[in-house]
Every structure is written in C-alpha cells, then in structure tokens.
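Coordinates as given in target-v3.pdb (PDB, C-alpha atoms):
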```
ATOM      1  CA  VAL Q   1     -37.074 -12.848 120.714  1.00  0.00           C
ATOM      2  CA  LEU Q   2     -40.069 -14.556 119.159  1.00  0.00           C
ATOM      3  CA  SER Q   3     -39.812 -16.442 115.892  1.00  0.00           C
ATOM      4  CA  PRO Q   4     -42.516 -16.167 113.213  1.00  0.00           C
ATOM      5  CA  ASP Q   5     -44.293 -19.267 114.543  1.00  0.00           C
ATOM      6  CA  LEU Q   6     -44.301 -17.644 118.002  1.00  0.00           C
ATOM      7  CA  GLN Q   7     -41.758 -20.032 119.489  1.00  0.00           C
ATOM      8  CA  PRO Q   8     -39.296 -18.352 121.821  1.00  0.00           C
ATOM      9  CA  THR Q   9     -35.733 -18.493 120.531  1.00  0.00           C
ATOM     10  CA  VAL Q  10     -32.481 -17.607 122.139  1.00  0.00           C
ATOM     11  CA  ALA Q  11     -30.141 -15.299 120.261  1.00  0.00           C
ATOM     12  CA  LEU Q  12     -26.691 -16.857 120.328  1.00  0.00           C
ATOM     13  CA  PRO Q  13     -23.620 -14.731 119.978  1.00  0.00           C
ATOM     14  CA  ARG Q  14     -22.181 -14.900 116.486  1.00  0.00           C
ATOM     15  CA  ARG Q  15     -18.981 -16.872 116.257  1.00  0.00           C
ATOM     16  CA  VAL Q  16     -16.201 -15.003 114.556  1.00  0.00           C
ATOM     17  CA  PRO Q  17     -14.506 -17.281 112.030  1.00  0.00           C
ATOM     18  CA  ASP Q  18     -10.882 -18.121 112.576  1.00  0.00           C
ATOM     19  CA  PRO Q  19      -8.586 -15.882 110.589  1.00  0.00           C
ATOM     20  CA  PRO Q  20      -6.930 -17.546 107.617  1.00  0.00           C
ATOM     21  CA  ALA Q  21      -3.250 -18.356 107.658  1.00  0.00           C
ATOM     22  CA  PRO Q  22      -1.235 -15.146 107.731  1.00  0.00           C
ATOM     23  CA  LEU Q  23      -1.428 -13.673 104.268  1.00  0.00           C
ATOM     24  CA  HIS Q  24       2.141 -12.412 104.356  1.00  0.00           C
ATOM     25  CA  LEU Q  25       3.359 -16.004 104.824  1.00  0.00           C
ATOM     26  CA  LEU Q  26       1.367 -17.192 101.845  1.00  0.00           C
ATOM     27  CA  HIS Q  27       2.718 -14.246  99.875  1.00  0.00           C
ATOM     28  CA  LEU Q  28       6.277 -15.110 100.878  1.00  0.00           C
ATOM     29  CA  ARG Q  29       5.749 -18.735  99.868  1.00  0.00           C
ATOM     30  CA  GLU Q  30       4.461 -17.625  96.497  1.00  0.00           C
ATOM     31  CA  MET Q  31       7.453 -15.335  96.004  1.00  0.00           C
ATOM     32  CA  CYS Q  32       9.859 -18.145  96.923  1.00  0.00           C
ATOM     33  CA  PHE Q  33       8.060 -20.477  94.528  1.00  0.00           C
ATOM     34  CA  LEU Q  34       8.204 -17.995  91.650  1.00  0.00           C
ATOM     35  CA  LEU Q  35      11.851 -17.127  92.347  1.00  0.00           C
ATOM     36  CA  SER Q  36      12.796 -20.795  92.263  1.00  0.00           C
ATOM     37  CA  LEU Q  37      10.950 -21.256  88.963  1.00  0.00           C
ATOM     38  CA  LEU Q  38      12.533 -18.185  87.401  1.00  0.00           C
ATOM     39  CA  ALA Q  39      15.993 -19.310  88.469  1.00  0.00           C
ATOM     40  CA  SER Q  40      15.649 -22.404  86.298  1.00  0.00           C
ATOM     41  CA  ALA Q  41      17.637 -22.564  83.094  1.00  0.00           C
ATOM     42  CA  GLU Q  42      16.130 -21.666  79.749  1.00  0.00           C
ATOM     43  CA  PRO Q  43      14.589 -24.629  77.927  1.00  0.00           C
ATOM     44  CA  PRO Q  44      16.504 -25.996  74.913  1.00  0.00           C
ATOM     45  CA  ALA Q  45      15.866 -24.254  71.614  1.00  0.00           C
ATOM     46  CA  SER Q  46      13.931 -27.254  70.303  1.00  0.00           C
ATOM     47  CA  ALA Q  47      11.563 -27.309  73.321  1.00  0.00           C
ATOM     48  CA  PRO Q  48       8.408 -25.169  73.404  1.00  0.00           C
ATOM     49  CA  GLY Q  49       8.405 -22.112  75.589  1.00  0.00           C
ATOM     50  CA  PHE Q  50       7.286 -18.514  75.944  1.00  0.00           C
ATOM     51  CA  PHE Q  51       9.030 -15.162  75.828  1.00  0.00           C
ATOM     52  CA  LEU Q  52       9.305 -13.194  79.067  1.00  0.00           C
ATOM     53  CA  SER Q  53      10.533  -9.618  79.336  1.00  0.00           C
ATOM     54  CA  LYS Q  54      14.036  -9.446  80.810  1.00  0.00           C
ATOM     55  CA  SER Q  55      13.366  -6.061  82.433  1.00  0.00           C
ATOM     56  CA  TRP Q  56      10.163  -7.358  84.067  1.00  0.00           C
ATOM     57  CA  LEU Q  57      12.053 -10.402  85.268  1.00  0.00           C
ATOM     58  CA  ALA Q  58      14.906  -8.333  86.744  1.00  0.00           C
ATOM     59  CA  ASN Q  59      12.468  -5.976  88.473  1.00  0.00           C
ATOM     60  CA  ALA Q  60      10.427  -8.864  89.911  1.00  0.00           C
ATOM     61  CA  ARG Q  61      13.517 -10.667  91.185  1.00  0.00           C
ATOM     62  CA  LYS Q  62      14.871  -7.518  92.825  1.00  0.00           C
ATOM     63  CA  TYR Q  63      11.543  -6.772  94.522  1.00  0.00           C
ATOM     64  CA  TRP Q  64      10.923 -10.336  95.728  1.00  0.00           C
ATOM     65  CA  GLU Q  65      14.461 -10.775  97.012  1.00  0.00           C
ATOM     66  CA  ALA Q  66      14.139  -7.484  98.921  1.00  0.00           C
ATOM     67  CA  GLN Q  67      10.872  -8.689 100.450  1.00  0.00           C
ATOM     68  CA  LEU Q  68      12.277 -12.070 101.468  1.00  0.00           C
ATOM     69  CA  VAL Q  69      15.118 -10.679 103.551  1.00  0.00           C
ATOM     70  CA  ASP Q  70      14.476 -11.229 107.235  1.00  0.00           C
ATOM     71  CA  ARG Q  71      15.329  -7.854 108.749  1.00  0.00           C
ATOM     72  CA  ARG Q  72      14.966  -9.185 112.287  1.00  0.00           C
ATOM     73  CA  LYS Q  73      18.272 -11.016 111.895  1.00  0.00           C
ATOM     74  CA  MET Q  74      20.115  -7.897 110.725  1.00  0.00           C
ATOM     75  CA  SER Q  75      21.987  -5.350 112.708  1.00  0.00           C
ATOM     76  CA  LYS Q  76      20.752  -1.769 112.476  1.00  0.00           C
ATOM     77  CA  LYS Q  77      23.560  -0.922 110.091  1.00  0.00           C
ATOM     78  CA  GLN Q  78      22.816  -3.907 107.829  1.00  0.00           C
ATOM     79  CA  ALA Q  79      19.103  -3.034 107.829  1.00  0.00           C
ATOM     80  CA  ARG Q  80      19.907   0.560 106.864  1.00  0.00           C
ATOM     81  CA  ILE Q  81      22.191  -0.574 104.020  1.00  0.00           C
ATOM     82  CA  HIS Q  82      19.594  -3.066 102.809  1.00  0.00           C
ATOM     83  CA  GLY Q  83      16.919  -0.355 102.970  1.00  0.00           C
ATOM     84  CA  ARG Q  84      18.979   1.919 100.751  1.00  0.00           C
ATOM     85  CA  ARG Q  85      19.723  -0.802  98.217  1.00  0.00           C
ATOM     86  CA  SER Q  86      16.142  -1.999  97.989  1.00  0.00           C
ATOM     87  CA  SER Q  87      14.528   1.441  98.087  1.00  0.00           C
ATOM     88  CA  ASP Q  88      14.220   1.538  94.321  1.00  0.00           C
ATOM     89  CA  SER Q  89      12.640  -1.914  94.062  1.00  0.00           C
ATOM     90  CA  HIS Q  90       9.011  -1.760  93.006  1.00  0.00           C
ATOM     91  CA  PRO Q  91       6.411  -4.520  92.789  1.00  0.00           C
ATOM     92  CA  PRO Q  92       6.352  -6.207  89.386  1.00  0.00           C
ATOM     93  CA  TRP Q  93       3.845  -4.607  87.072  1.00  0.00           C
ATOM     94  CA  PRO Q  94       0.772  -6.714  86.225  1.00  0.00           C
ATOM     95  CA  HIS Q  95       1.525  -6.994  82.492  1.00  0.00           C
ATOM     96  CA  ALA Q  96       4.624  -9.199  82.454  1.00  0.00           C
ATOM     97  CA  ASN Q  97       5.312  -8.653  78.739  1.00  0.00           C
ATOM     98  CA  ALA Q  98       4.113  -5.073  78.336  1.00  0.00           C
ATOM     99  CA  ASP Q  99       7.544  -3.754  77.387  1.00  0.00           C
ATOM    100  CA  ILE Q 100       8.219  -6.371  74.699  1.00  0.00           C
ATOM    101  CA  ALA Q 101       4.884  -5.785  72.963  1.00  0.00           C
ATOM    102  CA  CYS Q 102       4.800  -3.327  70.086  1.00  0.00           C
ATOM    103  CA  PRO Q 103       2.016  -0.740  69.621  1.00  0.00           C
ATOM    104  CA  HIS Q 104       0.313  -3.149  67.198  1.00  0.00           C
ATOM    105  CA  GLY Q 105       0.107  -5.881  69.851  1.00  0.00           C
ATOM    106  CA  GLY Q 106       2.812  -8.074  68.341  1.00  0.00           C
ATOM    107  CA  LEU Q 107       6.299  -8.914  69.481  1.00  0.00           C
ATOM    108  CA  ALA Q 108       8.484  -5.805  69.400  1.00  0.00           C
ATOM    109  CA  ARG Q 109      11.678  -5.717  67.369  1.00  0.00           C
ATOM    110  CA  LYS Q 110      14.919  -6.061  69.312  1.00  0.00           C
ATOM    111  CA  ALA Q 111      13.003  -6.587  72.554  1.00  0.00           C
ATOM    112  CA  ARG Q 112      15.043  -7.821  75.512  1.00  0.00           C
ATOM    113  CA  ARG Q 113      13.422 -11.144  76.245  1.00  0.00           C
ATOM    114  CA  ARG Q 114      14.112 -14.571  77.640  1.00  0.00           C
ATOM    115  CA  VAL Q 115      12.521 -17.944  76.898  1.00  0.00           C
ATOM    116  CA  VAL Q 116      10.854 -19.730  79.821  1.00  0.00           C
ATOM    117  CA  SER Q 117       9.334 -23.191  79.907  1.00  0.00           C
ATOM    118  CA  PRO Q 118       5.559 -23.689  79.642  1.00  0.00           C
ATOM    119  CA  ALA Q 119       5.427 -24.714  83.325  1.00  0.00           C
ATOM    120  CA  VAL Q 120       7.093 -21.464  84.408  1.00  0.00           C
ATOM    121  CA  TRP Q 121       4.830 -19.460  82.115  1.00  0.00           C
ATOM    122  CA  ALA Q 122       1.700 -21.170  83.481  1.00  0.00           C
ATOM    123  CA  ALA Q 123       2.749 -20.338  87.062  1.00  0.00           C
ATOM    124  CA  LEU Q 124       3.423 -16.709  86.135  1.00  0.00           C
ATOM    125  CA  ARG Q 125       0.078 -16.424  84.345  1.00  0.00           C
ATOM    126  CA  ARG Q 126      -1.645 -17.632  87.501  1.00  0.00           C
ATOM    127  CA  TYR Q 127      -0.337 -14.579  89.388  1.00  0.00           C
ATOM    128  CA  PHE Q 128      -0.051 -12.125  86.462  1.00  0.00           C
ATOM    129  CA  PRO Q 129      -2.856 -13.001  84.026  1.00  0.00           C
ATOM    130  CA  ASP Q 130      -2.879  -9.710  82.140  1.00  0.00           C
ATOM    131  CA  GLY Q 131      -0.660  -8.854  79.241  1.00  0.00           C
ATOM    132  CA  PRO Q 132       0.293 -10.453  75.958  1.00  0.00           C
ATOM    133  CA  GLU Q 133       1.551 -13.999  75.575  1.00  0.00           C
ATOM    134  CA  PHE Q 134       4.272 -14.695  73.020  1.00  0.00           C
ATOM    135  CA  PRO Q 135       5.267 -18.280  72.198  1.00  0.00           C
ATOM    136  CA  ALA Q 136       9.009 -18.727  71.699  1.00  0.00           C
ATOM    137  CA  ASP Q 137       8.479 -19.382  68.001  1.00  0.00           C
ATOM    138  CA  ALA Q 138       6.567 -16.092  67.514  1.00  0.00           C
ATOM    139  CA  ASP Q 139       7.901 -13.765  64.846  1.00  0.00           C
ATOM    140  CA  GLU Q 140       8.416 -10.070  65.344  1.00  0.00           C
ATOM    141  CA  CYS Q 141       5.494  -7.845  64.353  1.00  0.00           C
ATOM    142  CA  PRO Q 142       5.241  -7.702  60.531  1.00  0.00           C
ATOM    143  CA  GLU Q 143       3.935  -4.117  60.654  1.00  0.00           C
ATOM    144  CA  CYS Q 144       6.938  -2.990  62.704  1.00  0.00           C
ATOM    145  CA  LEU Q 145       9.299  -4.838  60.357  1.00  0.00           C
ATOM    146  CA  ALA Q 146       7.692  -3.111  57.349  1.00  0.00           C
ATOM    147  CA  GLU Q 147       7.957   0.290  59.056  1.00  0.00           C
ATOM    148  CA  ALA Q 148      11.631  -0.325  59.858  1.00  0.00           C
ATOM    149  CA  GLN Q 149      12.307  -1.369  56.266  1.00  0.00           C
ATOM    150  CA  HIS Q 150      10.527   1.769  55.018  1.00  0.00           C
ATOM    151  CA  ARG Q 151      12.614   3.989  57.356  1.00  0.00           C
ATOM    152  CA  ARG Q 152      15.793   2.252  56.206  1.00  0.00           C
ATOM    153  CA  LEU Q 153      14.920   2.835  52.529  1.00  0.00           C
ATOM    154  CA  ASP Q 154      14.082   6.503  53.218  1.00  0.00           C
ATOM    155  CA  ALA Q 155      17.396   7.017  54.998  1.00  0.00           C
ATOM    156  CA  GLU Q 156      19.219   5.392  52.083  1.00  0.00           C
ATOM    157  CA  ARG Q 157      17.415   7.682  49.600  1.00  0.00           C
ATOM    158  CA  ARG Q 158      18.277  10.784  51.650  1.00  0.00           C
ATOM    159  CA  ARG Q 159      21.918   9.692  51.887  1.00  0.00           C
ATOM    160  CA  ARG Q 160      22.148   9.170  48.117  1.00  0.00           C
ATOM    161  CA  ALA Q 161      20.450  12.510  47.418  1.00  0.00           C
ATOM    162  CA  LEU Q 162      22.904  14.266  49.760  1.00  0.00           C
ATOM    163  CA  GLN Q 163      25.859  12.580  48.040  1.00  0.00           C
ATOM    164  CA  GLU Q 164      24.563  13.642  44.612  1.00  0.00           C
ATOM    165  CA  GLU Q 165      24.161  17.252  45.824  1.00  0.00           C
ATOM    166  CA  ARG Q 166      27.743  17.248  47.111  1.00  0.00           C
ATOM    167  CA  ARG Q 167      29.032  15.881  43.783  1.00  0.00           C
ATOM    168  CA  ALA Q 168      27.060  18.468  41.844  1.00  0.00           C
ATOM    169  CA  ALA Q 169      28.407  21.266  44.050  1.00  0.00           C
ATOM    170  CA  GLU Q 170      32.041  20.247  43.378  1.00  0.00           C
TER     171      GLU Q 170
END
```
Represent the structure from my file as structure tokens, please.
Amino acid sequence: VLSPDLQPTVALPRRVPDPPAPLHLLHLREMCFLLSLLASAEPPASAPGFFLSKSWLANARKYWEAQLVDRRKMSKKQARIHGRRSSDSHPPWPHANADIACPHGGLARKARRRVVSPAVWAALRRYFPDGPEFPADADECPECLAEAQHRRLDAERRRRALQEERRAAE
C-alpha cells in the first residue's frame, strides 16, 4: 500500500481492545451497593432527606435479591423453588417516585413513602435519574388537597340533603 507521499507502508493488523471487566459483575456490585444503602435506617426526623416510594423500594429489593442469588450453589430443587418465587420480580422502573407523584406533579396524598438520607438519594439518582424528587419536608399537592376538600364538602351536602328528604317523607 502506498501512502499519499508515495512511501510504502505496511498495513498492520488492527489490535482488538481488551474487553472491559465483565458487565454482569459490575452490575452485581452496583446492586449490592444499592441494597446496602437501602437497608440503612431512616434518618432522624430533624435531618434532611428525600421521599422514596415504598412500592418501588420493595420491587427493587425483590428483583436485586433474586439476581444476586448464586444458582450454581443450589440443588435443582432449590433452583426450581427460587425460580418460582422470583418469577414475578421485575426490574425497578426508571422513575423511582412515579407512584407517589400526583397528576399535577406534586406529592400525592396518602402516598406510601419512606424517607431516605441525601447520600442514599444521590446514589439512587445516579442510577435512576428520571422521575420527581420530593424533599422530606415537601407538602402534599395543594391542588389535590383542594379537590379532596371539595369532594368531602359535596359528600356532606348530599348526605344532609338525603337526611332532609327522609325527614320530609316521614
């Protein structure tokens, strides 16, 4: 092969780069790291923190624990039992707080949530950056609270009207 300046060159075989460390090992390390963080106790009420959906947390724990089991050390029967128990475990969805967010984007009323420390939240956001973030001192959505109050007042009015109709019918 001749180069542009007419010097002969030798074409060397391309070196294939070394593969990175096995990705499944890195993934397992990440899962172990997140599980250890999520197992930590809730911060005190006076400390800052963030809300995390309890259902997301339970689903993530179940999935990661199912993935971390070393099936090579199990008997066939144990592997079959484990397979049945973990068959309904799904990867955690990318929006960690999707189910505690209301349609208006605020914190939903009566949402099942847990407070985690800022360090735990920062680690989770590194792996699950999408979704809303709710500080532990966040109030529930004012629009949802107003709607609930309006529904409560309407139900009270209907109940009173029904009682008055019953009295008038007697």
* To do: Could you please determine the separation between CA of Glu164 (chain Q) and CA of Ala146 (chain Q) in Å, to one decimal place?
  =>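 According to the coordinates, CA of Glu164 (chain Q) and CA of Ala146 (chain Q) are separated by 27.0 Å.
Atom to atom, CA of Trp64 (chain Q) and CA of Met31 (chain Q) stand 6.1 Å apart.
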Spell out the residues picked by the PyMOL selection byres ((chain Q and resi 107) around 8) here, as a PyMOL selection string. chain Q and resi 100-102+105-106+108-109+111+134+138-141
Save out the residues we just selected, C-alpha atoms, as a compact mmCIF listing (two decimals), in the coordinates of the input.
```txt
# COMPACT_ATOMS: atom_id res chain seq x y z
CA ILE Q 100 8.22 -6.37 74.70
CA ALA Q 101 4.88 -5.78 72.96
CA CYS Q 102 4.80 -3.33 70.09
CA GLY Q 105 0.11 -5.88 69.85
CA GLY Q 106 2.81 -8.07 68.34
CA ALA Q 108 8.48 -5.80 69.40
CA ARG Q 109 11.68 -5.72 67.37
CA ALA Q 111 13.00 -6.59 72.55
CA PHE Q 134 4.27 -14.70 73.02
CA ALA Q 138 6.57 -16.09 67.51
CA ASP Q 139 7.90 -13.76 64.85
CA GLU Q 140 8.42 -10.07 65.34
CA CYS Q 141 5.49 -7.84 64.35
```
Distance query region 119-122 of chain Q at most 8 Å, all atoms listed in the file, self and fewer than 2 positions along chain excluded, as a list of chain:residue names: Q:Leu37, Q:Leu38, Q:Gly49, Q:Phe50, Q:Val116, Q:Ser117, Q:Leu124, Q:Arg125, Q:Arg126
Judged by all atoms listed in the file, the minimum distance to Arg113 (chain Q) among Q:Phe128, Q:Trp93, Q:Phe51, Q:Trp56 is found for Q:Phe51
CA of Ala96 (chain Q) to CA of Ser55 (chain Q) measures 9.3 Å
inquiry  = Residue by residue, what does the PyMOL selection byres ((chain Q and resi 33) around 12) grab here? Present the result as a PyMOL selection string.
reply    = chain Q and resi 26-32+34-40+61+64-65+68+120+123-124+127
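If all atoms listed in the file are the atoms counted, then among Q:Gly83, Q:Pro94, Q:Arg114, Q:Arg152 the closest residue to Asp130 (chain Q) is Q:Pro94.
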Which of these, Q:Ala161, Q:Ala60, Q:Ala136, Q:Ala169, has the shortest distance to Pro118 (chain Q) once you count only C-alpha atoms?
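Under the stated criterion, the closest residue is Q:Ala136.
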Would you compute the box with edges along x, y and z of the file around region 159-166 of chain Q, including every atom the file lists for it and 5 Å extra on each side, and give its centre and edge lengths in Å to one decimal, as AutoDock Vina command-line options?
```
--center_x 24.1 --center_y 13.2 --center_z 48.2 --size_x 17.3 --size_y 18.1 --size_z 17.3
```
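Distances to Pro103 (chain Q) were evaluated for Q:Ile81, Q:Pro142, Q:Lys73, Q:Pro129 using only C-alpha atoms, and the minimum falls at Q:Pro142.
Closest approach to Glu143 (chain Q) among Q:Lys77, Q:Leu57, Q:Lys62, Q:His104: Q:His104, based on all atoms listed in the file.
With all atoms listed in the file as the atoms that count, the residue of Q:Glu133, Q:Leu153, Q:Arg112, Q:Gln67 with the shortest distance to Asp99 (chain Q) is Q:Arg112.
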